[in-house]
Every structure is written in C-alpha cells, then in structure tokens.
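J.: Sharing target13.tsv (TSV, C-alpha atoms) below.
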chain	number	residue	atom	x	y	z
U	1	MET	CA	-28.13	47.34	34.38
U	2	LEU	CA	-27.75	47.45	38.16
U	3	ALA	CA	-29.57	44.89	40.27
U	4	PRO	CA	-32.67	46.47	41.90
U	5	LEU	CA	-31.26	46.37	45.45
U	6	ASN	CA	-27.87	47.74	44.52
U	7	GLY	CA	-26.94	50.30	47.18
U	8	VAL	CA	-29.13	48.69	49.87
U	9	THR	CA	-27.22	47.53	52.95
U	10	VAL	CA	-28.58	44.76	55.16
U	11	LEU	CA	-27.26	43.96	58.64
U	12	ASP	CA	-28.02	40.29	59.21
U	13	PHE	CA	-28.00	39.06	62.82
U	14	SER	CA	-29.79	35.80	61.92
U	15	THR	CA	-28.45	32.24	61.92
U	16	LEU	CA	-29.19	28.77	60.55
U	17	LEU	CA	-31.90	28.79	57.84
U	18	PRO	CA	-34.87	31.20	57.67
U	19	GLY	CA	-33.08	34.53	58.15
U	20	PRO	CA	-29.97	33.64	56.13
U	21	PHE	CA	-32.10	32.31	53.25
U	22	ALA	CA	-34.09	35.56	53.23
U	23	THR	CA	-30.95	37.69	53.18
U	24	LEU	CA	-29.49	35.46	50.46
U	25	LEU	CA	-32.44	36.45	48.27
U	26	LEU	CA	-31.76	40.10	49.05
U	27	ALA	CA	-28.06	39.62	48.24
U	28	GLU	CA	-28.92	37.92	44.95
U	29	ALA	CA	-31.00	40.99	44.07
U	30	GLY	CA	-27.98	43.23	44.62
U	31	ALA	CA	-28.05	44.14	48.33
U	32	GLU	CA	-24.86	44.21	50.38
U	33	VAL	CA	-25.53	41.78	53.22
U	34	ILE	CA	-23.25	41.97	56.27
U	35	LYS	CA	-23.56	38.98	58.60
U	36	ILE	CA	-23.06	39.82	62.26
U	37	GLU	CA	-21.70	36.59	63.74
U	38	ARG	CA	-20.64	35.28	67.11
U	39	ALA	CA	-16.93	35.89	67.71
U	40	GLY	CA	-14.92	32.69	67.66
U	41	SER	CA	-17.49	30.27	66.23
U	42	GLY	CA	-19.82	32.28	64.03
U	43	ASP	CA	-23.16	31.07	62.69
U	44	ASP	CA	-23.91	27.55	63.98
U	45	MET	CA	-24.53	26.50	60.38
U	46	ARG	CA	-20.80	26.85	59.66
U	47	ASN	CA	-20.09	23.72	61.70
U	48	ARG	CA	-22.53	21.31	60.04
U	49	GLU	CA	-21.51	18.38	57.82
U	50	PRO	CA	-20.62	17.83	55.04
U	51	ARG	CA	-18.06	20.55	54.56
U	52	VAL	CA	-16.84	22.42	51.53
U	53	GLY	CA	-13.67	24.27	52.37
U	54	PRO	CA	-13.54	25.43	56.01
U	55	ASP	CA	-17.33	25.65	56.46
U	56	SER	CA	-20.35	23.46	55.87
U	57	ALA	CA	-21.90	23.09	52.43
U	58	SER	CA	-25.21	24.31	53.88
U	59	PHE	CA	-23.57	27.50	55.13
U	60	ALA	CA	-21.96	28.02	51.72
U	61	LEU	CA	-25.29	27.66	49.91
U	62	LEU	CA	-27.10	30.10	52.21
U	63	ASN	CA	-24.42	32.77	52.54
U	64	ARG	CA	-22.91	33.16	49.09
U	65	GLY	CA	-21.85	36.72	48.34
U	66	LYS	CA	-22.28	38.13	51.87
U	67	ARG	CA	-19.73	39.78	54.18
U	68	SER	CA	-18.96	38.65	57.75
U	69	ILE	CA	-18.28	40.55	60.95
U	70	ALA	CA	-17.41	38.59	64.09
U	71	ILE	CA	-18.24	40.39	67.33
U	72	ASP	CA	-19.26	39.61	70.90
U	73	LEU	CA	-22.65	41.29	71.17
U	74	LYS	CA	-22.52	40.99	74.97
U	75	ASP	CA	-19.46	43.24	75.04
U	76	PRO	CA	-20.53	46.68	76.38
U	77	ALA	CA	-18.64	48.28	73.50
U	78	ALA	CA	-20.45	46.27	70.80
U	79	VAL	CA	-23.20	48.79	70.08
U	80	GLU	CA	-20.71	51.63	69.63
U	81	ARG	CA	-18.58	49.49	67.36
U	82	LEU	CA	-21.64	48.71	65.25
U	83	ARG	CA	-22.96	52.27	65.28
U	84	PRO	CA	-21.40	53.40	61.96
U	85	LEU	CA	-23.00	50.43	60.23
U	86	ILE	CA	-26.36	51.03	61.89
U	87	GLU	CA	-26.27	54.70	60.89
U	88	THR	CA	-25.95	53.85	57.20
U	89	ALA	CA	-27.82	50.53	56.94
U	90	ASP	CA	-31.19	50.21	55.22
U	91	VAL	CA	-32.39	46.91	56.70
U	92	LEU	CA	-31.68	44.97	59.89
U	93	VAL	CA	-32.71	41.31	60.25
U	94	GLU	CA	-32.59	39.51	63.59
U	95	GLN	CA	-33.76	36.05	64.63
U	96	PHE	CA	-33.35	35.97	68.42
U	97	ARG	CA	-36.18	35.28	70.83
U	98	PRO	CA	-38.21	38.35	71.77
U	99	GLY	CA	-36.33	40.62	74.19
U	100	VAL	CA	-32.80	39.45	73.38
U	101	MET	CA	-31.89	42.34	71.09
U	102	GLN	CA	-33.29	44.81	73.66
U	103	ARG	CA	-31.03	43.34	76.35
U	104	LEU	CA	-28.08	43.74	74.01
U	105	GLY	CA	-28.90	47.40	73.47
U	106	LEU	CA	-29.96	46.71	69.88
U	107	GLY	CA	-33.75	46.69	70.18
U	108	TYR	CA	-35.85	48.59	67.68
U	109	LYS	CA	-36.27	51.72	69.80
U	110	ALA	CA	-32.56	52.01	70.45
U	111	VAL	CA	-31.65	51.41	66.81
U	112	LYS	CA	-34.39	53.73	65.53
U	113	ALA	CA	-32.85	56.53	67.60
U	114	ILE	CA	-29.63	56.01	65.65
U	115	ASN	CA	-31.25	55.56	62.23
U	116	PRO	CA	-34.97	56.37	61.86
U	117	ARG	CA	-34.90	55.26	58.21
U	118	LEU	CA	-33.93	51.70	59.15
U	119	ILE	CA	-36.29	48.84	58.33
U	120	TYR	CA	-36.00	46.48	61.30
U	121	CYS	CA	-37.21	42.87	60.88
U	122	SER	CA	-37.62	40.45	63.79
U	123	LEU	CA	-38.09	36.84	62.66
U	124	THR	CA	-39.41	34.29	65.19
U	125	GLY	CA	-41.61	31.24	65.38
U	126	TYR	CA	-44.51	32.86	67.20
U	127	GLY	CA	-44.04	36.61	66.89
U	128	GLN	CA	-43.11	39.34	69.36
U	129	THR	CA	-46.39	39.25	71.30
U	130	GLY	CA	-48.91	36.69	72.50
U	131	SER	CA	-48.88	33.72	74.85
U	132	ARG	CA	-46.39	31.70	72.74
U	133	ALA	CA	-43.91	34.49	72.02
U	134	ALA	CA	-41.19	33.16	74.35
U	135	LEU	CA	-41.52	29.50	73.31
U	136	ALA	CA	-38.78	27.67	71.47
U	137	GLY	CA	-39.79	25.78	68.36
U	138	HIS	CA	-38.79	24.26	65.06
U	139	ASP	CA	-40.49	23.78	61.73
U	140	ILE	CA	-42.57	20.79	62.86
U	141	ASN	CA	-43.90	22.77	65.84
U	142	TYR	CA	-44.98	25.74	63.74
U	143	LEU	CA	-46.78	23.47	61.27
U	144	ALA	CA	-48.45	21.65	64.16
U	145	ASP	CA	-49.68	24.87	65.73
U	146	ALA	CA	-50.92	26.14	62.35
U	147	GLY	CA	-53.03	22.99	61.86
U	148	LEU	CA	-51.22	21.87	58.72
U	149	LEU	CA	-49.46	18.87	60.23
U	150	SER	CA	-52.83	17.32	61.09
U	151	LEU	CA	-53.46	16.79	57.37
U	152	VAL	CA	-50.27	14.84	56.60
U	153	SER	CA	-50.37	11.12	57.32
U	154	GLY	CA	-47.46	8.76	57.79
U	155	THR	CA	-47.65	5.03	57.11
U	156	ASP	CA	-49.11	4.29	60.54
U	157	GLY	CA	-51.63	7.12	60.48
U	158	THR	CA	-49.66	9.54	62.67
U	159	PRO	CA	-48.88	13.03	61.36
U	160	ALA	CA	-45.76	12.79	59.22
U	161	PRO	CA	-43.01	15.42	59.22
U	162	ILE	CA	-42.95	17.32	55.93
U	163	PRO	CA	-39.58	16.63	54.25
U	164	VAL	CA	-38.76	20.31	53.67
U	165	PRO	CA	-38.54	23.17	56.21
U	166	LEU	CA	-41.84	24.60	54.99
U	167	ALA	CA	-42.54	26.94	57.90
U	168	ASP	CA	-38.97	28.27	57.94
U	169	ILE	CA	-39.05	29.20	54.26
U	170	ALA	CA	-42.71	29.74	53.32
U	171	GLY	CA	-43.56	31.23	56.73
U	172	GLY	CA	-40.26	32.95	57.48
U	173	SER	CA	-37.88	33.66	54.61
U	174	TYR	CA	-40.38	34.56	51.90
U	175	PRO	CA	-42.64	36.78	54.04
U	176	LEU	CA	-39.57	38.58	55.37
U	177	VAL	CA	-38.36	39.40	51.86
U	178	ILE	CA	-41.83	40.47	50.74
U	179	ASN	CA	-42.23	42.81	53.70
U	180	VAL	CA	-38.74	44.26	53.33
U	181	LEU	CA	-39.45	45.12	49.71
U	182	LEU	CA	-42.80	46.67	50.64
U	183	ALA	CA	-41.15	48.65	53.43
U	184	LEU	CA	-38.46	49.93	51.06
U	185	LEU	CA	-41.17	51.12	48.68
U	186	ARG	CA	-43.00	52.88	51.51
U	187	ARG	CA	-39.78	54.47	52.75
U	188	ALA	CA	-39.13	55.84	49.26
U	189	ASN	CA	-42.39	57.80	49.64
U	190	THR	CA	-42.29	58.69	53.34
U	191	GLY	CA	-38.60	58.67	54.27
U	192	LYS	CA	-39.43	56.57	57.33
U	193	GLY	CA	-38.33	53.13	58.40
U	194	CYS	CA	-40.48	50.70	60.38
U	195	PHE	CA	-40.54	47.60	62.56
U	196	ILE	CA	-41.66	44.30	60.98
U	197	ASP	CA	-42.74	41.35	63.13
U	198	VAL	CA	-42.39	38.15	61.06
U	199	ALA	CA	-43.95	35.12	62.78
U	200	MET	CA	-43.50	31.81	60.99
U	201	THR	CA	-46.56	30.16	62.53
U	202	ASP	CA	-48.80	33.09	61.58
U	203	ASN	CA	-47.52	33.07	58.03
U	204	VAL	CA	-48.07	29.38	57.26
U	205	VAL	CA	-51.73	29.46	58.32
U	206	CYS	CA	-52.64	30.93	54.91
U	207	LEU	CA	-51.21	27.84	53.19
U	208	GLY	CA	-54.24	25.94	54.46
U	209	TYR	CA	-56.59	28.30	52.60
U	210	TRP	CA	-58.67	25.44	51.16
U	211	ALA	CA	-59.16	23.87	54.58
U	212	LEU	CA	-60.10	27.22	56.12
U	213	ALA	CA	-62.52	27.94	53.29
U	214	ARG	CA	-64.34	24.65	53.90
U	215	GLY	CA	-64.34	25.06	57.64
U	216	TRP	CA	-65.39	28.69	57.82
U	217	ALA	CA	-68.01	28.50	55.08
U	218	ALA	CA	-69.55	25.08	55.67
U	219	GLN	CA	-68.14	23.74	58.96
U	220	GLN	CA	-66.59	20.91	56.93
U	221	TRP	CA	-63.20	20.86	58.61
U	222	PRO	CA	-60.87	18.51	56.72
U	223	LYS	CA	-59.42	15.36	58.19
U	224	MET	CA	-56.26	13.43	57.53
U	225	ASP	CA	-56.40	11.26	54.38
U	226	GLY	CA	-60.00	12.26	53.81
U	227	GLU	CA	-59.69	15.05	51.25
U	228	VAL	CA	-58.84	15.45	47.58
U	229	LEU	CA	-55.43	16.97	48.37
U	230	THR	CA	-54.60	14.39	51.05
U	231	GLY	CA	-55.11	11.21	49.03
U	232	ALA	CA	-58.85	10.52	49.29
U	233	LEU	CA	-59.28	10.26	45.51
U	234	ALA	CA	-57.43	8.07	43.05
U	235	ARG	CA	-56.67	11.01	40.80
U	236	TYR	CA	-54.39	12.81	43.28
U	237	ARG	CA	-51.94	10.50	45.04
U	238	SER	CA	-48.77	8.49	44.50
U	239	TYR	CA	-48.55	4.85	43.42
U	240	ARG	CA	-45.76	2.28	43.54
U	241	THR	CA	-44.45	0.95	40.23
U	242	GLY	CA	-43.25	-2.58	39.54
U	243	ASP	CA	-39.62	-1.70	40.30
U	244	GLY	CA	-40.39	-0.02	43.63
U	245	ARG	CA	-40.43	3.53	42.35
U	246	PHE	CA	-43.46	5.84	42.39
U	247	VAL	CA	-45.75	7.72	40.04
U	248	ALA	CA	-47.23	11.01	41.27
U	249	VAL	CA	-50.71	11.44	39.77
U	250	GLY	CA	-52.16	14.97	39.85
U	251	ALA	CA	-54.99	14.51	37.35
U	252	LEU	CA	-57.53	16.65	39.22
U	253	GLU	CA	-59.45	17.96	36.22
U	254	GLU	CA	-61.68	15.48	34.39
U	255	LYS	CA	-59.86	15.90	31.05
U	256	PHE	CA	-56.56	14.90	32.65
U	257	TRP	CA	-58.12	12.05	34.62
U	258	SER	CA	-59.90	10.66	31.54
U	259	GLU	CA	-56.67	10.70	29.53
U	260	PHE	CA	-54.77	9.02	32.36
U	261	CYS	CA	-57.41	6.28	32.64
U	262	ASP	CA	-57.21	5.65	28.90
U	263	ILE	CA	-53.41	5.28	29.04
U	264	ILE	CA	-53.40	2.76	31.89
U	265	GLY	CA	-56.54	0.95	30.70
U	266	LEU	CA	-58.65	1.50	33.80
U	267	PRO	CA	-62.08	-0.21	33.37
U	268	ALA	CA	-64.93	2.21	32.72
U	269	GLN	CA	-66.91	1.15	35.79
U	270	LEU	CA	-64.06	2.30	38.07
U	271	ARG	CA	-63.37	5.69	36.54
U	272	ASN	CA	-65.75	7.59	38.81
U	273	ASP	CA	-63.32	7.81	41.71
U	274	ARG	CA	-65.71	9.93	43.74
U	275	ARG	CA	-68.32	7.16	43.71
U	276	THR	CA	-65.90	4.26	44.24
U	277	PRO	CA	-62.77	5.86	45.74
U	278	GLU	CA	-61.30	2.81	47.49
U	279	GLN	CA	-61.95	0.42	44.62
U	280	THR	CA	-60.52	2.85	42.09
U	281	ILE	CA	-57.41	3.47	44.17
U	282	ARG	CA	-56.81	-0.29	44.46
U	283	ALA	CA	-57.33	-0.83	40.74
U	284	VAL	CA	-54.97	1.99	39.72
U	285	ALA	CA	-52.36	0.72	42.19
U	286	GLU	CA	-52.58	-2.80	40.77
U	287	ILE	CA	-52.20	-1.59	37.18
U	288	LEU	CA	-49.24	0.70	37.85
U	289	ALA	CA	-47.49	-2.07	39.80
U	290	THR	CA	-47.44	-4.28	36.70
U	291	GLN	CA	-44.75	-2.20	34.96
U	292	ASP	CA	-41.59	-0.39	35.96
U	293	ALA	CA	-41.22	3.40	36.20
U	294	ALA	CA	-39.44	3.63	32.85
U	295	HIS	CA	-42.42	2.02	31.12
U	296	TRP	CA	-44.85	4.51	32.63
U	297	GLU	CA	-42.57	7.44	31.86
U	298	ARG	CA	-42.60	6.41	28.21
U	299	ALA	CA	-46.36	5.89	28.28
U	300	PHE	CA	-46.97	9.33	29.80
U	301	ALA	CA	-44.49	11.19	27.56
U	302	GLY	CA	-46.18	13.91	25.54
U	303	ARG	CA	-49.61	13.22	27.06
U	304	ASP	CA	-51.64	15.90	28.81
U	305	ILE	CA	-52.26	14.15	32.13
U	306	CYS	CA	-50.36	15.81	35.02
U	307	CYS	CA	-48.37	12.71	35.96
U	308	SER	CA	-44.71	12.48	36.97
U	309	ILE	CA	-42.21	9.88	38.05
U	310	VAL	CA	-41.08	10.71	41.59
U	311	ARG	CA	-37.44	11.67	41.19
U	312	THR	CA	-34.76	11.51	43.83
U	313	MET	CA	-32.98	14.71	44.77
U	314	GLU	CA	-29.91	13.37	42.96
U	315	GLU	CA	-31.94	12.90	39.79
U	316	ALA	CA	-33.52	16.34	40.08
U	317	ALA	CA	-30.09	17.96	40.47
U	318	ALA	CA	-29.00	16.29	37.22
U	319	ASP	CA	-32.29	16.84	35.35
U	320	PRO	CA	-31.54	18.28	31.87
U	321	ALA	CA	-34.89	20.10	31.86
U	322	LEU	CA	-33.98	22.00	35.03
U	323	GLY	CA	-30.43	22.52	33.83
U	324	ALA	CA	-31.65	24.03	30.58
U	325	ARG	CA	-33.55	26.62	32.61
U	326	GLY	CA	-30.24	27.78	34.10
U	327	LEU	CA	-31.01	26.67	37.67
U	328	PHE	CA	-27.51	25.33	38.26
U	329	ASP	CA	-25.40	27.80	36.30
U	330	ARG	CA	-24.13	29.88	39.24
U	331	ARG	CA	-21.20	28.89	41.42
U	332	ILE	CA	-19.85	29.38	44.93
U	333	LEU	CA	-16.19	29.73	45.80
U	334	ALA	CA	-15.38	28.17	49.16
U	335	GLY	CA	-11.66	28.54	49.68
U	336	ALA	CA	-10.04	26.68	46.81
U	337	LEU	CA	-13.20	24.69	46.11
U	338	SER	CA	-16.19	25.51	43.92
U	339	ILE	CA	-19.72	24.11	44.13
U	340	THR	CA	-23.03	24.83	42.46
U	341	ALA	CA	-24.94	27.74	44.01
U	342	LEU	CA	-28.39	27.28	45.51
U	343	PRO	CA	-31.11	28.09	42.93
U	344	VAL	CA	-33.20	30.97	44.25
U	345	PRO	CA	-36.59	32.38	43.18
U	346	VAL	CA	-35.20	35.68	41.89
U	347	ALA	CA	-35.65	36.30	38.17
U	348	ASP	CA	-32.42	36.54	36.21
U	349	VAL	CA	-33.27	40.04	35.02
U	350	LEU	CA	-33.36	41.17	38.68
U	351	ARG	CA	-30.30	39.30	39.96
U	352	ASP	CA	-26.78	40.40	40.60
U	353	LYS	CA	-24.87	39.54	37.43
U	354	ARG	CA	-21.88	37.94	39.17
U	355	ASN	CA	-22.19	34.22	38.43
U	356	VAL	CA	-19.41	33.26	40.86
U	357	ARG	CA	-19.39	34.61	44.41
U	358	GLU	CA	-17.48	33.69	47.56
U	359	VAL	CA	-18.45	32.33	50.97
U	360	PRO	CA	-17.47	34.88	53.63
U	361	ALA	CA	-14.73	33.84	56.04
U	362	LEU	CA	-15.66	34.48	59.66
U	363	GLY	CA	-14.82	38.09	60.52
U	364	GLU	CA	-13.34	38.96	57.12
U	365	ALA	CA	-15.11	42.35	57.20
U	366	ASN	CA	-14.22	43.33	60.78
U	367	ALA	CA	-12.36	46.36	59.45
U	368	MET	CA	-15.80	47.91	58.90
U	369	LEU	CA	-16.30	48.14	62.69
U	370	ALA	CA	-15.55	51.32	64.55
U	371	ALA	CA	-12.36	51.17	66.59
U	372	THR	CA	-12.90	51.48	70.36
U	373	GLY	CA	-9.51	50.52	71.64
U	374	LEU	CA	-10.83	47.21	72.97
Show me, as structure tokens, the structure contained in the file I just sent.

T.:
Amino acid sequence: MLAPLNGVTVLDFSTLLPGPFATLLLAEAGAEVIKIERAGSGDDMRNREPRVGPDSASFALLNRGKRSIAIDLKDPAAVERLRPLIETADVLVEQFRPGVMQRLGLGYKAVKAINPRLIYCSLTGYGQTGSRAALAGHDINYLADAGLLSLVSGTDGTPAPIPVPLADIAGGSYPLVINVLLALLRRANTGKGCFIDVAMTDNVVCLGYWALARGWAAQQWPKMDGEVLTGALARYRSYRTGDGRFVAVGALEEKFWSEFCDIIGLPAQLRNDRRTPEQTIRAVAEILATQDAAHWERAFAGRDICCSIVRTMEEAAADPALGARGLFDRRILAGALSITALPVPVADVLRDKRNVREVPALGEANAMLAATGL
C-alpha cells in the first residue's frame, strides 16, 4: 500500500525546529519534501553539536528522507529557477518573519499566480497580522504571551522554562500538519489552494483550556502552584525518593488516590488532601523519602494508581516497553554513520515503509532547479 501522501510535493523554506518537524511528519506519511536552503551554509540546524556525519544530530533527526536545494533567494534569478518546482508543488511551508517572502518575490499572491492549487503555509510566532506580527520570539516568549508560563513555578517561585519546545511543536508543527491535511482534503473537492497563517502563540492558548474554563465561567483565574494541575494537591505532584530520584503521582481520581494511600501507608486522617493539602503533601513526601526509587517501583508494579518513577531521557530511550512498541526501529543514514530515527506521531499503517532513510546533503537536489545560465 502507498503511504497516504505519496505523490504530494512539499517545498520547505523553513529552518531550525517547528517547520522542519512539521515537514518531517509529512515526509513520513509519504510526501516528497524538498528543503530550500541557504547557499553555502544551509539550515542553521546543520551546524549544531553534536554531529553525526557532516551535519548535526538534530538536523539528521528532523530532516530524514528529505531532498535539499541550495539557492540564494536574494538572487534576482531565484524565482525563475524555482518556478518549475512551484508550478508542480502541492504545499509550500515558510518560516520567515511577515513580509520577507514578499520581498523575495515569493509571497502568496506571486506564488498563487504561478500555481493556484498550491497550499501556502506561513509559520510564525505571532501570525501575519496584529501588533506583535513583526516581533522576534522563541518558545518561552510564546508561552509567556499565551499565559501558560505564569502557571509553571521554579524552585524560587519564578516562572520556570518548560523543558520541551512546547510552543514550537504543539503550537507550530502540529497545527501546520493538521491544516495542511485539511487543506488537501478541501482542494480535492474544490481544486483550489489556499493561504494558511499558523501562529504559535495563538495555537498554544487552547492548551490552557482548563484555566480559561475557570476564568471565563467563574472568574476563578488560576494562579501558580495553586491548582490541582500545578501541585496544589498531594495527589498530583512529584516527590523525592530516598536515593534522590522522584516519583510522579497522578492519582487524580479517588480510586487511584485511595489505592496509592494504601500502598504507602498514609494515615487515614491525612487522606483528604483537599481539606489538609499542606499536611498531606508533607506526609507523603516524608514517606516516599524513606525508600529508594527501586523500592517504590516494585511496590507500585501491577497496581492501578497512576504513579511512575521519573525516568531520565537516557532511560526512556532504552525502555523495553517503548522499544516493544517499535518507537526506535527506524534508522537514519548520515554519511557512513547510522543512528536511530526520531519517533514521530504517525501511525505505522500510514507511514512510508522505508525503515532506513538518508539525511540530505546540502544542495544534493540542485539539478531540479531550472537552468538560467547564472
């Protein structure tokens, strides 16, 4: 069976993380993704450390199975050289600040005149319009502007950076893929392409649905460390074990919480963590600190309590349970080297069947460009 996006061509002008991760998902579903990179140096992600082969490991993970064209987009001949690709492409993804593609002669109106069936996606932090459109930003800024960072406390009470690029992926990559797929479905019925404005800040606001529900409905706007999901109750937080590791307790429902309390031997008078939150938190912390993580892992094994030992990334990458699900079966060829491919949220039945795919060398597909004599 062919992958569902077999025959779909994507021109990818994006760099670093959110755009390339989105187009990786499209490539894994069968699309031909052609990276349009800066002549000479390419995507900035190529030059990060550590390296695998000539490029960074991060670049290899995000760009497996794509093609690469190296071109100076400021060259007056660039648009004409790209024209044959634009004429036949299905999707274009760009990640510049608003106005940059227009100045290069590659804005939506110009490209639509060449190919009205093209689905054109602009991915930015703040969108193509509005008072923040021209602002630079990174993940922490988008989360701050969306209100989410105000709910995450560090050890000294200041907002703590979230240890994953949440806005880039959940606000950028995933919405871009969703909208591309929807646009392809619509085009199948109408024959028309469209312009898609993907704003990472806009798209992470919905992740605070519970906070918005409380605020809009009851004017009970949440505060840092004061809510169920931010550590206010004993039943949903992390605790240090006797060997300095941590247990993540997610026993929100009463049946899970009751079972957890039975296992650790929490006194009955402290089990109502809504009535005595601080005392219960202290008591649970004291009990869990009496034994090492291995003890608690054995105690929790096979019990229905929503508790986990906090694993390191190294442990997660070697976890037999994840390995048995096939997360780490696919490989990347980077020159003469091979590394594990990035697990992606595309079901196996919908993925390209090639288990091993290469990292594109900078400009390896330049023969696809139209010759101009320059």

J.: Rank nothing, just name the residue among U:Ala39, U:Ala89, U:Leu149, U:Val359 nearest to Asn63 (chain U), using only C-alpha atoms.

T.: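 So, comparing all the options, the nearest one is U:Val359.
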
J.: Please report the interatomic distance between CA of Ser131 (chain U) and CA of Pro98 (chain U) in Å with one decimal.

T.: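 That distance, rounded to one decimal, is 12.0 Å.
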
J.: Quote the spacing between CA of Pro4 (chain U) and CA of Ala27 (chain U) in Å to one decimal place.

T.: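 Atom-to-atom, CA of Pro4 (chain U) and CA of Ala27 (chain U) are spaced 10.4 Å apart.
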
J.: Restricting the calculation to all atoms listed in the file: of U:Gly154, U:Gly125, U:Gly215, U:Gly137, which residue gets closest to Asn203 (chain U)?

T.: U:Gly125

J.: Near region 260-266 of chain U, within 12 Å and counting only C-alpha atoms, which residues show up once chain neighbours fewer than 3 positions away are dropped, as a short mmCIF file (atom, residue, chain, number, x, y, z; two decimals) with C-alpha atoms, in the coordinates of the input?

T.:
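Full text of selection_8.cif as output:
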data_model
loop_
_atom_site.label_atom_id
_atom_site.label_comp_id
_atom_site.auth_asym_id
_atom_site.auth_seq_id
_atom_site.Cartn_x
_atom_site.Cartn_y
_atom_site.Cartn_z
CA ALA U 234 -57.43 8.07 43.05
CA ARG U 235 -56.67 11.01 40.80
CA TYR U 236 -54.39 12.81 43.28
CA VAL U 247 -45.75 7.72 40.04
CA ALA U 248 -47.23 11.01 41.27
CA VAL U 249 -50.71 11.44 39.77
CA GLY U 250 -52.16 14.97 39.85
CA ALA U 251 -54.99 14.51 37.35
CA LEU U 252 -57.53 16.65 39.22
CA GLU U 253 -59.45 17.96 36.22
CA GLU U 254 -61.68 15.48 34.39
CA LYS U 255 -59.86 15.90 31.05
CA PHE U 256 -56.56 14.90 32.65
CA TRP U 257 -58.12 12.05 34.62
CA GLN U 269 -66.91 1.15 35.79
CA LEU U 270 -64.06 2.30 38.07
CA ARG U 271 -63.37 5.69 36.54
CA ASN U 272 -65.75 7.59 38.81
CA ASP U 273 -63.32 7.81 41.71
CA GLN U 279 -61.95 0.42 44.62
CA THR U 280 -60.52 2.85 42.09
CA ILE U 281 -57.41 3.47 44.17
CA ARG U 282 -56.81 -0.29 44.46
CA ALA U 283 -57.33 -0.83 40.74
CA VAL U 284 -54.97 1.99 39.72
CA ALA U 285 -52.36 0.72 42.19
CA GLU U 286 -52.58 -2.80 40.77
CA ILE U 287 -52.20 -1.59 37.18
CA LEU U 288 -49.24 0.70 37.85
CA ALA U 289 -47.49 -2.07 39.80
CA THR U 290 -47.44 -4.28 36.70
CA GLN U 291 -44.75 -2.20 34.96
CA HIS U 295 -42.42 2.02 31.12
CA TRP U 296 -44.85 4.51 32.63
CA GLU U 297 -42.57 7.44 31.86
CA ARG U 298 -42.60 6.41 28.21
CA ALA U 299 -46.36 5.89 28.28
CA PHE U 300 -46.97 9.33 29.80
CA ALA U 301 -44.49 11.19 27.56
CA GLY U 302 -46.18 13.91 25.54
CA ARG U 303 -49.61 13.22 27.06
CA ASP U 304 -51.64 15.90 28.81
CA ILE U 305 -52.26 14.15 32.13
CA CYS U 306 -50.36 15.81 35.02
CA CYS U 307 -48.37 12.71 35.96
CA SER U 308 -44.71 12.48 36.97
#

J.: To one decimal place, how far is CA of Val152 (chain U) from CA of Pro277 (chain U) in Å?

T.: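 CA of Pro277 (chain U) lies 18.8 Å from CA of Val152 (chain U).
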
J.: Here is a test: counting all atoms listed in the file, which residue of U:Met1, U:Ala29, U:Ala365, U:Met45 is nearest to Leu62 (chain U)?

T.: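 Closest to Leu62 (chain U), using all atoms listed in the file: U:Met45.
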
J.: I need the residue nearest Gly99 (chain U) from this list: U:Val111, U:Ala31, U:Ala133, U:Ala211. Use all atoms listed in the file for the distance.

T.: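 For Gly99 (chain U), the nearest of the candidates is U:Ala133.
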
J.: Fewer than 4 positions away in the same chain doesn't count, so skip those; otherwise give me all residues within 7 Å of region 318-331 of chain U, counting only C-alpha atoms, as number ranges by chain.

T.: U: 314, 338-341, 343, 355-357
